[in-house]
Amino acid sequence: MNDRRLPALTGLRGLAALWVLVFHAWALSGAAGAGLPAPMTALLGAGWLGVDVFFVLSGFLLARGLGDELADGERRPDWTAFALMRVARILPAYYAQLAVFALPAAAVVLTPAIAWVPASNGEALAHVLLWLNAWPWVPAHLGPWWSLPVEAGFYAVLPLLWWAWGSSRRMLGLLLATALLAVAWRFAMHDVVGIEQRIGWSEHLPGRLVQFVAGMALARWMSSGAREGRGGTAQESLGDGRAPLRADALALLTFAVLVLLPQLGGDRAYVGIIDARVWTWFWPLLTAVPVAVLLMALVRAPEGRVARVLGSAPLVALGTVSFGLYLWHYPVQWALRTALGGYVPPSWGLAGYIAVSLVVSLAVAALSWWAIERPVLAAARRWRERRRVKLRAP
């Protein structure tokens, strides 16, 4: 993803990872997180929606980057280079984590529940190939890993979806088709008896593809507007001096909508387990819309206060290491809770648990970035540039 010209989106990615971290800390802290005001509980309890933000943002940035290649004179995207960059982005850091969990010391330093001891060669192969929560059923060893095969699946099918990029009408058709697919898929899964399979299957690519396509569609329509002089680049505003204020209000409003969406269930707040309530079948659509509107506000008014805050150095740094933060925060929190005796004591409270787990997770994420992700991505970029020069040579 090339979002160097859109620092607010890097910061948003970091904030989304932080939101997931805080949610898991709230869930694991038990009694330490009880007794909070209702608005705070709603905010913390909705933190799992950070993944919904990731998916729409991923579709937007990847499509925008490929579209920029075409605008620069390329006849078609270089799918070989695209595949290499996506592999370099995800697999090295993930494999490093797998290797750490497979070490005998993992059961001691972390917890026996985190240590990875595959029960069969098939389970080991499924984790290596990211064939998780699919069929045949192999559950992800670590909860947050559920999103990795979904993301990787989108990378795999993007070349097949790219036919829609050249036409707003085709893109709209693709968006509607994936929306119908998501509803039909989740309806088919809502009465699966095994709760683990119901969650894993319903949240897999067919039920989530519409979120990536929503990001693609936004990138397509904004780039079309830019070419026609209506705007759509990171350098433009919404049209006049009040545009940043409107963009700020829109960004805050859409974030509030995201926080409140799980409360549609009233006393039964939605926590990601689809059931007979029809609106849970529409969940990816319900979240894709406000996230897409949020992205539009940030991109079209980068001078707005919200965009400037998200594009600040601390949040951009957080976004830079966000993948490592996403991978490592959960085992860190488990290990910390185990070291505390299996629960978070009142003397720590939720705030203390969040603070310590964040500091440790950031340290591990930074190590992952500097030792693994950054050099691998740099090598992949050098290979891509050499390939580009070679393909352009007469």
# chains A, B, ... in the order shown; residues from 1 in each chain; ligands from 1
call {"tool": "residues_around", "arguments": {"residues": "stretch 333-346 of chain A", "least_positions_apart": "4", "cutoff": "8 Å", "atoms": "only C-alpha atoms", "output": "list of chain:residue names"}}
result
A:Ala25, A:Leu28, A:Ser29, A:Gly30, A:Ala31, A:Ala32, A:Val109, A:Leu110, A:Thr111, A:Ile114, A:His329, A:Leu350, A:Tyr353, A:Ser357
call {"tool": "closest_atom_pairs", "arguments": {"of": "stretch 153-224 of chain A", "to": "stretch 39-55 of chain A", "cutoff": "10 Å", "atoms": "only C-alpha atoms", "output": "Markdown table"}}
result
| residue | atom | partner | partner_atom | distance |
| --- | --- | --- | --- | --- |
| A:Phe154 | CA | A:Phe55 | CA | 9.3 |
| A:Arg208 | CA | A:Phe55 | CA | 8.1 |
| A:Leu209 | CA | A:Phe55 | CA | 8.6 |
| A:Val210 | CA | A:Phe55 | CA | 9.3 |
| A:Gln211 | CA | A:Phe55 | CA | 6.0 |
| A:Phe212 | CA | A:Phe55 | CA | 5.5 |
| A:Val213 | CA | A:Phe55 | CA | 9.2 |
| A:Ala214 | CA | A:Phe55 | CA | 9.3 |
| A:Gly215 | CA | A:Phe55 | CA | 7.9 |
call {"tool": "write_last_selection", "arguments": {"atoms": "N, CA and C atoms", "output": "mmCIF file, in the first residue's frame"}}
result
data_model
loop_
_atom_site.group_PDB
_atom_site.id
_atom_site.type_symbol
_atom_site.label_atom_id
_atom_site.label_comp_id
_atom_site.auth_asym_id
_atom_site.auth_seq_id
_atom_site.Cartn_x
_atom_site.Cartn_y
_atom_site.Cartn_z
ATOM 1 N N PHE A 154 -8.440 -11.543 -0.542
ATOM 2 C CA PHE A 154 -8.715 -10.381 -1.381
ATOM 3 C C PHE A 154 -7.552 -10.123 -2.333
ATOM 4 N N ARG A 208 -17.064 -10.875 3.609
ATOM 5 C CA ARG A 208 -16.333 -9.622 3.855
ATOM 6 C C ARG A 208 -15.859 -8.920 2.588
ATOM 7 N N LEU A 209 -15.958 -9.592 1.447
ATOM 8 C CA LEU A 209 -15.408 -9.029 0.213
ATOM 9 C C LEU A 209 -15.999 -7.669 -0.107
ATOM 10 N N VAL A 210 -17.263 -7.449 0.242
ATOM 11 C CA VAL A 210 -17.908 -6.180 -0.069
ATOM 12 C C VAL A 210 -17.184 -5.009 0.591
ATOM 13 N N GLN A 211 -16.556 -5.218 1.742
ATOM 14 C CA GLN A 211 -15.847 -4.122 2.392
ATOM 15 C C GLN A 211 -14.621 -3.700 1.585
ATOM 16 N N PHE A 212 -13.880 -4.678 1.074
ATOM 17 C CA PHE A 212 -12.745 -4.350 0.210
ATOM 18 C C PHE A 212 -13.220 -3.662 -1.067
ATOM 19 N N VAL A 213 -14.300 -4.185 -1.648
ATOM 20 C CA VAL A 213 -14.811 -3.604 -2.886
ATOM 21 C C VAL A 213 -15.350 -2.196 -2.646
ATOM 22 N N ALA A 214 -15.907 -1.939 -1.465
ATOM 23 C CA ALA A 214 -16.337 -0.573 -1.142
ATOM 24 C C ALA A 214 -15.143 0.376 -1.169
ATOM 25 N N GLY A 215 -14.007 -0.065 -0.638
ATOM 26 C CA GLY A 215 -12.796 0.746 -0.712
ATOM 27 C C GLY A 215 -12.338 0.937 -2.139
#
call {"tool": "residues_around", "arguments": {"residues": "A:Phe101", "least_positions_apart": "5", "cutoff": "8 Å", "atoms": "only C-alpha atoms", "output": "ChimeraX atom specification"}}
result
/A:106-107,114-116
call {"tool": "write_last_selection", "arguments": {"atoms": "N, CA and C atoms", "output": "PDB file, in the first residue's frame"}}
result
ATOM      1  N   ALA A 106       8.273 -20.783  24.303  1.00  0.00           N
ATOM      2  CA  ALA A 106       7.054 -19.982  24.207  1.00  0.00           C
ATOM      3  C   ALA A 106       6.064 -20.352  25.293  1.00  0.00           C
ATOM      4  N   ALA A 107       5.993 -21.627  25.629  1.00  0.00           N
ATOM      5  CA  ALA A 107       5.053 -22.067  26.664  1.00  0.00           C
ATOM      6  C   ALA A 107       5.427 -21.521  28.026  1.00  0.00           C
ATOM      7  N   ILE A 114      -0.709 -20.061  24.242  1.00  0.00           N
ATOM      8  CA  ILE A 114      -0.182 -19.316  23.102  1.00  0.00           C
ATOM      9  C   ILE A 114       0.826 -20.150  22.320  1.00  0.00           C
ATOM     10  N   ALA A 115       1.571 -21.022  23.004  1.00  0.00           N
ATOM     11  CA  ALA A 115       2.557 -21.850  22.314  1.00  0.00           C
ATOM     12  C   ALA A 115       1.887 -22.657  21.211  1.00  0.00           C
ATOM     13  N   TRP A 116       2.561 -22.757  20.069  1.00  0.00           N
ATOM     14  CA  TRP A 116       1.979 -23.428  18.905  1.00  0.00           C
ATOM     15  C   TRP A 116       2.570 -24.809  18.748  1.00  0.00           C
TER      16      TRP A 116
END
call {"tool": "residues_around", "arguments": {"residues": "A:Ile199", "least_positions_apart": "3", "cutoff": "8 Å", "atoms": "only C-alpha atoms", "output": "PyMOL selection string"}}
result
chain A and resi 195-196+202-203+272-274
call {"tool": "select_by_dssp", "arguments": {"residues": "stretch 183-347 of chain A", "states": "alpha helix (DSSP H)", "output": "VMD selection string"}}
result
chain A and resid 183 to 189 195 to 202 205 to 227 243 to 260 278 to 281 283 to 300 305 to 310 313 to 320 322 to 339
call {"tool": "closest_residue", "arguments": {"among": "A:Gly311, A:Pro284, A:Gly352, A:Pro206", "to": "A:Val56", "atoms": "only C-alpha atoms"}}
result
A:Pro284
call {"tool": "residues_around", "arguments": {"residues": "A:Pro149", "least_positions_apart": "6", "cutoff": "9 Å", "atoms": "only C-alpha atoms", "output": "JSON, numbers by chain"}}
result
{"A": [129, 130, 131, 132, 133, 204, 205]}
call {"tool": "residues_around", "arguments": {"residues": "stretch 278-283 of chain A", "least_positions_apart": "4", "cutoff": "7 Å", "atoms": "only C-alpha atoms", "output": "PyMOL selection string"}}
result
chain A and resi 183+186-187+274+287
